[in-house]
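Asker: After the structure tokens below, expect a handful of questions from me.
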Amino acid sequence: MPLGLYVHVPFCSAICNYCNFNRGLFDGELKARYVSALRREIASKADGSPADTIFFGGGTPSLLEPAEIAGIVEVCRQSFAIDPLAEITLEANPETVSLERLSGFRDAGINRLSFGVQSFRDEELRRLSRLHSADRAREAFAMARAAGFDNVSLDLMMWLPQQTLAEWLSSVEALIDLGPEHASLYLLEIYANAPLRDTMARAHWSVAPDDDAAEMYLEAMERLEAAGYAQYEISNVARPDRQSRHNLKYWTDQEWHGFGCGAHSTRHGVREKNISSTPDYIAAVTAGAPLASERRVLSDQERLEEALFTGLRLAQGLRVDAVESRYGVDVWDRYGEELLPFVEQRLLIYDDGAIRLTREGMLLANDIMTVFIGPPVR
Ligand code: SF4
């Protein structure tokens, strides 16, 4: 199968109060050095392998100049056999784009945009310390269309501080009104040291009860479905043929090459992670030193577990015959006894050679997937 290429861009204009990604504040001089390091890394790993997706993730990749993106896409083309119809995605924050910049990204080869909108309510955006407003997100979307993008994804986050079910659904409806080709819905996770935690404590903000969070998810999925979107993964919906081809590689047991600080790669059963710190990464590339800070040969059991975890995230579920032909394991034979209670609770369906979560099961996916950790209990 062709590879996916992931390019990490670790710069942001400001750091959001809930963010746990590998990112830092934008610095023009550091960015210029980083872009040349990225190009060197990609060229140094050139092997002409076929690849059919490139994904610029971050951070905020739309802070790069269109010419910088063009240069990176070009070095990908020189280093790998990039499919002429490759999906090339740029993650973008609404406040960073203009019609001119978006047209430049399109000329650079970008054919899919993924906007971090998070909410269409200004009050919620302020609570998350985001830099854009709901109107700015709408303008960015209109500019993307004007620049010729016909494959646009919008991210929303649910279960925000003080957010009610009705408020969440108003954001979902605002997204449906815009009509992107793809949408991702994430649950806000507030990690232990997130500044948002302190802000919430000081302001006496809370999140809705668990039952409401479940309702938020189920009702949003129903409304999106009624509007013509099909759910294809726990957090993702798309119009027909507009699924994220790049992200599907992660969920369908395929291989990818990650470039940049902190980027992961999985090839030939080996998982590697690049040095996380941006300056250390640049220094290592400049010195021609090894870039991987972690390297692990995945065991057969780990590869199987990962295929099961990710496959079960998909709405179509796990194909039992596909797992058997790849790993020599009949999933139902091995795990059926532990999975049966979930089937009885209608959280899981086993029919037609596939094991898949019901939508209620998707809410409890992490609990159900523990069945796959380690050898079966029997
Ligand atoms: S823009 Fe995204 S990556 Fe940057 S700080 Fe905010 S959440 Fe994190």
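As shown in the structure tokens, the chain order sets the letters A, B, ...; within each chain, residues go from 1, and ligands are also counted from 1 in the order they appear.
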Just want the 7 Å neighbourhood of stretch 108-119 of chain A, counted on only C-alpha atoms, with same-chain residues fewer than 5 positions away dropped. Output as a short mmCIF file (atom, residue, chain, number, x, y, z; two decimals) with N, CA and C atoms, in the first residue's frame.
Answerer:
```cif
data_model
loop_
_atom_site.label_atom_id
_atom_site.label_comp_id
_atom_site.auth_asym_id
_atom_site.auth_seq_id
_atom_site.Cartn_x
_atom_site.Cartn_y
_atom_site.Cartn_z
N PRO A 66 3.20 30.22 1.94
CA PRO A 66 2.89 29.31 0.83
C PRO A 66 4.16 28.82 0.12
N ALA A 67 5.15 29.69 -0.04
CA ALA A 67 6.38 29.26 -0.73
C ALA A 67 7.11 28.18 0.08
N ILE A 69 5.61 25.97 2.09
CA ILE A 69 4.83 24.73 1.89
C ILE A 69 5.17 24.15 0.51
N ALA A 70 5.23 25.03 -0.50
CA ALA A 70 5.53 24.54 -1.86
C ALA A 70 6.89 23.84 -1.88
N GLU A 87 -3.78 13.07 -1.82
CA GLU A 87 -4.49 14.00 -0.93
C GLU A 87 -3.42 14.75 -0.14
N ILE A 88 -3.42 16.08 -0.24
CA ILE A 88 -2.40 16.87 0.46
C ILE A 88 -3.12 17.88 1.36
N THR A 89 -3.05 17.62 2.66
CA THR A 89 -3.86 18.38 3.64
C THR A 89 -3.00 19.37 4.40
N LEU A 90 -3.58 20.52 4.66
CA LEU A 90 -2.94 21.51 5.53
C LEU A 90 -3.88 21.81 6.68
N GLU A 91 -3.41 21.65 7.91
CA GLU A 91 -4.20 22.10 9.06
C GLU A 91 -4.05 23.61 9.15
N ALA A 92 -5.15 24.29 9.38
CA ALA A 92 -5.11 25.76 9.39
C ALA A 92 -5.94 26.30 10.53
N ASN A 93 -5.48 27.40 11.10
CA ASN A 93 -6.31 28.11 12.08
C ASN A 93 -6.96 29.30 11.39
N PRO A 94 -8.24 29.54 11.66
CA PRO A 94 -8.97 30.56 10.90
C PRO A 94 -8.29 31.93 10.88
N GLU A 124 -17.38 30.59 24.07
CA GLU A 124 -16.64 29.33 24.25
C GLU A 124 -15.22 29.45 23.70
N LEU A 125 -15.09 30.14 22.57
CA LEU A 125 -13.74 30.31 21.99
C LEU A 125 -12.85 31.10 22.94
N ALA A 137 -14.10 32.36 11.63
CA ALA A 137 -14.10 30.98 11.12
C ALA A 137 -14.97 30.90 9.86
N PHE A 149 -10.90 25.57 -2.87
CA PHE A 149 -10.85 24.31 -2.11
C PHE A 149 -12.23 23.66 -2.08
N ASN A 151 -12.47 20.50 -0.76
CA ASN A 151 -12.35 19.43 0.24
C ASN A 151 -11.86 20.07 1.54
N VAL A 152 -12.84 20.42 2.38
CA VAL A 152 -12.52 21.16 3.60
C VAL A 152 -13.11 20.42 4.79
N SER A 153 -12.32 20.32 5.83
CA SER A 153 -12.78 19.70 7.07
C SER A 153 -12.82 20.76 8.16
N LEU A 154 -13.80 20.65 9.05
CA LEU A 154 -13.85 21.54 10.22
C LEU A 154 -13.82 20.69 11.49
N ASP A 155 -13.01 21.13 12.46
CA ASP A 155 -12.97 20.45 13.76
C ASP A 155 -13.85 21.20 14.75
N LEU A 156 -14.60 20.46 15.52
CA LEU A 156 -15.35 21.05 16.64
C LEU A 156 -14.99 20.29 17.91
N MET A 157 -15.03 20.98 19.04
CA MET A 157 -14.81 20.30 20.32
C MET A 157 -16.06 20.39 21.18
N SER A 171 -23.50 24.90 17.65
CA SER A 171 -22.26 24.86 16.87
C SER A 171 -22.35 23.80 15.77
#
```
Asker: Ligand 1: which residues are within 7 Å, counting only C-alpha atoms and all ligand atoms? Reply as a PDB file with N, CA and C atoms, in the first residue's frame.
Answerer:
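Ended up saving to result.pdb:
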```
ATOM      1  N   PHE A  11       4.688  25.333  15.315  1.00  0.00           N
ATOM      2  CA  PHE A  11       4.586  26.750  15.712  1.00  0.00           C
ATOM      3  C   PHE A  11       3.134  27.190  15.842  1.00  0.00           C
ATOM      4  N   CYS A  12       2.875  28.014  16.858  1.00  0.00           N
ATOM      5  CA  CYS A  12       1.529  28.584  17.047  1.00  0.00           C
ATOM      6  C   CYS A  12       1.662  30.060  17.413  1.00  0.00           C
ATOM      7  N   ALA A  14      -0.212  31.637  19.527  1.00  0.00           N
ATOM      8  CA  ALA A  14      -0.399  31.698  20.991  1.00  0.00           C
ATOM      9  C   ALA A  14      -0.670  30.269  21.426  1.00  0.00           C
ATOM     10  N   ILE A  15      -0.441  30.010  22.705  1.00  0.00           N
ATOM     11  CA  ILE A  15      -0.650  28.631  23.159  1.00  0.00           C
ATOM     12  C   ILE A  15      -2.012  28.531  23.850  1.00  0.00           C
ATOM     13  N   CYS A  16      -2.863  27.688  23.327  1.00  0.00           N
ATOM     14  CA  CYS A  16      -4.215  27.542  23.887  1.00  0.00           C
ATOM     15  C   CYS A  16      -4.129  26.883  25.265  1.00  0.00           C
ATOM     16  N   TYR A  18      -5.612  24.622  26.797  1.00  0.00           N
ATOM     17  CA  TYR A  18      -5.910  23.196  27.016  1.00  0.00           C
ATOM     18  C   TYR A  18      -4.946  22.310  26.227  1.00  0.00           C
ATOM     19  N   CYS A  19      -4.006  22.936  25.507  1.00  0.00           N
ATOM     20  CA  CYS A  19      -3.262  22.197  24.473  1.00  0.00           C
ATOM     21  C   CYS A  19      -2.121  21.365  25.045  1.00  0.00           C
ATOM     22  N   ASN A  20      -2.074  20.138  24.590  1.00  0.00           N
ATOM     23  CA  ASN A  20      -1.051  19.196  25.037  1.00  0.00           C
ATOM     24  C   ASN A  20      -0.228  18.675  23.864  1.00  0.00           C
ATOM     25  N   PHE A  21      -0.269  19.382  22.727  1.00  0.00           N
ATOM     26  CA  PHE A  21       0.473  18.919  21.546  1.00  0.00           C
ATOM     27  C   PHE A  21       1.930  19.371  21.616  1.00  0.00           C
ATOM     28  N   ARG A  23       4.225  21.693  20.456  1.00  0.00           N
ATOM     29  CA  ARG A  23       4.175  23.008  19.788  1.00  0.00           C
ATOM     30  C   ARG A  23       4.860  24.053  20.642  1.00  0.00           C
ATOM     31  N   GLY A  58       0.032  20.011  13.131  1.00  0.00           N
ATOM     32  CA  GLY A  58       0.811  20.838  14.069  1.00  0.00           C
ATOM     33  C   GLY A  58       0.280  20.800  15.473  1.00  0.00           C
ATOM     34  N   GLY A  59       0.576  21.912  16.223  1.00  0.00           N
ATOM     35  CA  GLY A  59       0.967  23.213  15.742  1.00  0.00           C
ATOM     36  C   GLY A  59      -0.032  23.860  14.781  1.00  0.00           C
ATOM     37  N   THR A  60       0.460  24.858  14.100  1.00  0.00           N
ATOM     38  CA  THR A  60      -0.362  25.601  13.142  1.00  0.00           C
ATOM     39  C   THR A  60       0.393  25.696  11.811  1.00  0.00           C
ATOM     40  N   ASN A  93      -5.485  27.398  11.102  1.00  0.00           N
ATOM     41  CA  ASN A  93      -6.306  28.109  12.082  1.00  0.00           C
ATOM     42  C   ASN A  93      -6.957  29.296  11.389  1.00  0.00           C
ATOM     43  N   ARG A 130      -8.801  30.709  22.383  1.00  0.00           N
ATOM     44  CA  ARG A 130      -8.539  30.689  20.938  1.00  0.00           C
ATOM     45  C   ARG A 130      -8.484  32.131  20.420  1.00  0.00           C
TER      46      ARG A 130
END
```
Asker: Residues within 12 Å of A:Leu218, please, as a PyMOL selection string. Count only C-alpha atoms; anything in the same chain fewer than 2 positions from it doesn't count.
Answerer: chain A and resi 158+165+168-169+172+185+211-216+220-225+231+234-235+358-363
Asker: So which residues of stretch 125-160 of chain A fall under helix (DSSP H, G or I) by DSSP, listed as a PDB file with N, CA, C and O atoms, in the first residue's frame?
Answerer:
```pdb
ATOM      1  N   LEU A 125     -15.086  30.138  22.572  1.00  0.00           N
ATOM      2  CA  LEU A 125     -13.745  30.311  21.990  1.00  0.00           C
ATOM      3  C   LEU A 125     -12.854  31.098  22.943  1.00  0.00           C
ATOM      4  O   LEU A 125     -11.675  30.794  23.109  1.00  0.00           O
ATOM      5  N   ARG A 126     -13.440  32.103  23.597  1.00  0.00           N
ATOM      6  CA  ARG A 126     -12.655  32.888  24.568  1.00  0.00           C
ATOM      7  C   ARG A 126     -12.256  32.016  25.755  1.00  0.00           C
ATOM      8  O   ARG A 126     -11.132  32.088  26.233  1.00  0.00           O
ATOM      9  N   ARG A 127     -13.168  31.177  26.202  1.00  0.00           N
ATOM     10  CA  ARG A 127     -12.827  30.301  27.345  1.00  0.00           C
ATOM     11  C   ARG A 127     -11.671  29.370  26.994  1.00  0.00           C
ATOM     12  O   ARG A 127     -10.901  28.982  27.863  1.00  0.00           O
ATOM     13  N   ALA A 134     -16.167  33.287  15.932  1.00  0.00           N
ATOM     14  CA  ALA A 134     -17.001  32.452  15.053  1.00  0.00           C
ATOM     15  C   ALA A 134     -17.107  33.082  13.666  1.00  0.00           C
ATOM     16  O   ALA A 134     -17.027  32.391  12.647  1.00  0.00           O
ATOM     17  N   ASP A 135     -17.233  34.419  13.609  1.00  0.00           N
ATOM     18  CA  ASP A 135     -17.333  35.078  12.300  1.00  0.00           C
ATOM     19  C   ASP A 135     -16.055  34.887  11.497  1.00  0.00           C
ATOM     20  O   ASP A 135     -16.082  34.699  10.279  1.00  0.00           O
ATOM     21  N   ARG A 136     -14.923  34.944  12.192  1.00  0.00           N
ATOM     22  CA  ARG A 136     -13.640  34.754  11.495  1.00  0.00           C
ATOM     23  C   ARG A 136     -13.557  33.338  10.900  1.00  0.00           C
ATOM     24  O   ARG A 136     -13.036  33.144   9.806  1.00  0.00           O
ATOM     25  N   ALA A 137     -14.103  32.358  11.631  1.00  0.00           N
ATOM     26  CA  ALA A 137     -14.104  30.979  11.121  1.00  0.00           C
ATOM     27  C   ALA A 137     -14.969  30.897   9.862  1.00  0.00           C
ATOM     28  O   ALA A 137     -14.585  30.259   8.869  1.00  0.00           O
ATOM     29  N   ARG A 138     -16.128  31.578   9.897  1.00  0.00           N
ATOM     30  CA  ARG A 138     -16.994  31.566   8.704  1.00  0.00           C
ATOM     31  C   ARG A 138     -16.293  32.242   7.525  1.00  0.00           C
ATOM     32  O   ARG A 138     -16.372  31.786   6.390  1.00  0.00           O
ATOM     33  N   GLU A 139     -15.613  33.364   7.816  1.00  0.00           N
ATOM     34  CA  GLU A 139     -14.892  34.070   6.732  1.00  0.00           C
ATOM     35  C   GLU A 139     -13.789  33.190   6.154  1.00  0.00           C
ATOM     36  O   GLU A 139     -13.580  33.144   4.944  1.00  0.00           O
ATOM     37  N   ALA A 140     -13.066  32.501   7.049  1.00  0.00           N
ATOM     38  CA  ALA A 140     -11.969  31.646   6.579  1.00  0.00           C
ATOM     39  C   ALA A 140     -12.517  30.556   5.663  1.00  0.00           C
ATOM     40  O   ALA A 140     -11.930  30.235   4.627  1.00  0.00           O
ATOM     41  N   PHE A 141     -13.680  30.006   6.053  1.00  0.00           N
ATOM     42  CA  PHE A 141     -14.289  28.961   5.238  1.00  0.00           C
ATOM     43  C   PHE A 141     -14.684  29.521   3.860  1.00  0.00           C
ATOM     44  O   PHE A 141     -14.426  28.907   2.824  1.00  0.00           O
ATOM     45  N   ALA A 142     -15.278  30.715   3.857  1.00  0.00           N
ATOM     46  CA  ALA A 142     -15.691  31.335   2.586  1.00  0.00           C
ATOM     47  C   ALA A 142     -14.456  31.624   1.724  1.00  0.00           C
ATOM     48  O   ALA A 142     -14.470  31.433   0.500  1.00  0.00           O
ATOM     49  N   MET A 143     -13.370  32.055   2.371  1.00  0.00           N
ATOM     50  CA  MET A 143     -12.140  32.321   1.601  1.00  0.00           C
ATOM     51  C   MET A 143     -11.586  31.021   1.012  1.00  0.00           C
ATOM     52  O   MET A 143     -11.067  31.009  -0.111  1.00  0.00           O
ATOM     53  N   ALA A 144     -11.698  29.938   1.769  1.00  0.00           N
ATOM     54  CA  ALA A 144     -11.212  28.649   1.256  1.00  0.00           C
ATOM     55  C   ALA A 144     -11.986  28.272  -0.003  1.00  0.00           C
ATOM     56  O   ALA A 144     -11.405  27.844  -1.008  1.00  0.00           O
ATOM     57  N   ARG A 145     -13.288  28.439   0.042  1.00  0.00           N
ATOM     58  CA  ARG A 145     -14.113  28.149  -1.144  1.00  0.00           C
ATOM     59  C   ARG A 145     -13.705  29.066  -2.301  1.00  0.00           C
ATOM     60  O   ARG A 145     -13.533  28.602  -3.438  1.00  0.00           O
ATOM     61  N   ALA A 146     -13.518  30.367  -1.988  1.00  0.00           N
ATOM     62  CA  ALA A 146     -13.156  31.319  -3.053  1.00  0.00           C
ATOM     63  C   ALA A 146     -11.797  30.972  -3.650  1.00  0.00           C
ATOM     64  O   ALA A 146     -11.548  31.218  -4.839  1.00  0.00           O
TER      65      ALA A 146
END
```
Asker: Using only C-alpha atoms for the distances, tell me which of A:Leu248, A:Leu25, A:Ala263, A:Val9 is nearest to A:Ala292.
Answerer: A:Ala263
Asker: Nearest to A:Asp241 among A:Leu99, A:Ala201, A:Glu181, A:Tyr327, with distances taken over only C-alpha atoms: which residue is it?
Answerer: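 Using only C-alpha atoms, A:Asp241 sits closest to A:Glu181.
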Asker: In Å to one decimal, how far is atom CA of A:Glu65 from atom CA of A:Asp150?
Answerer: 21.2 Å
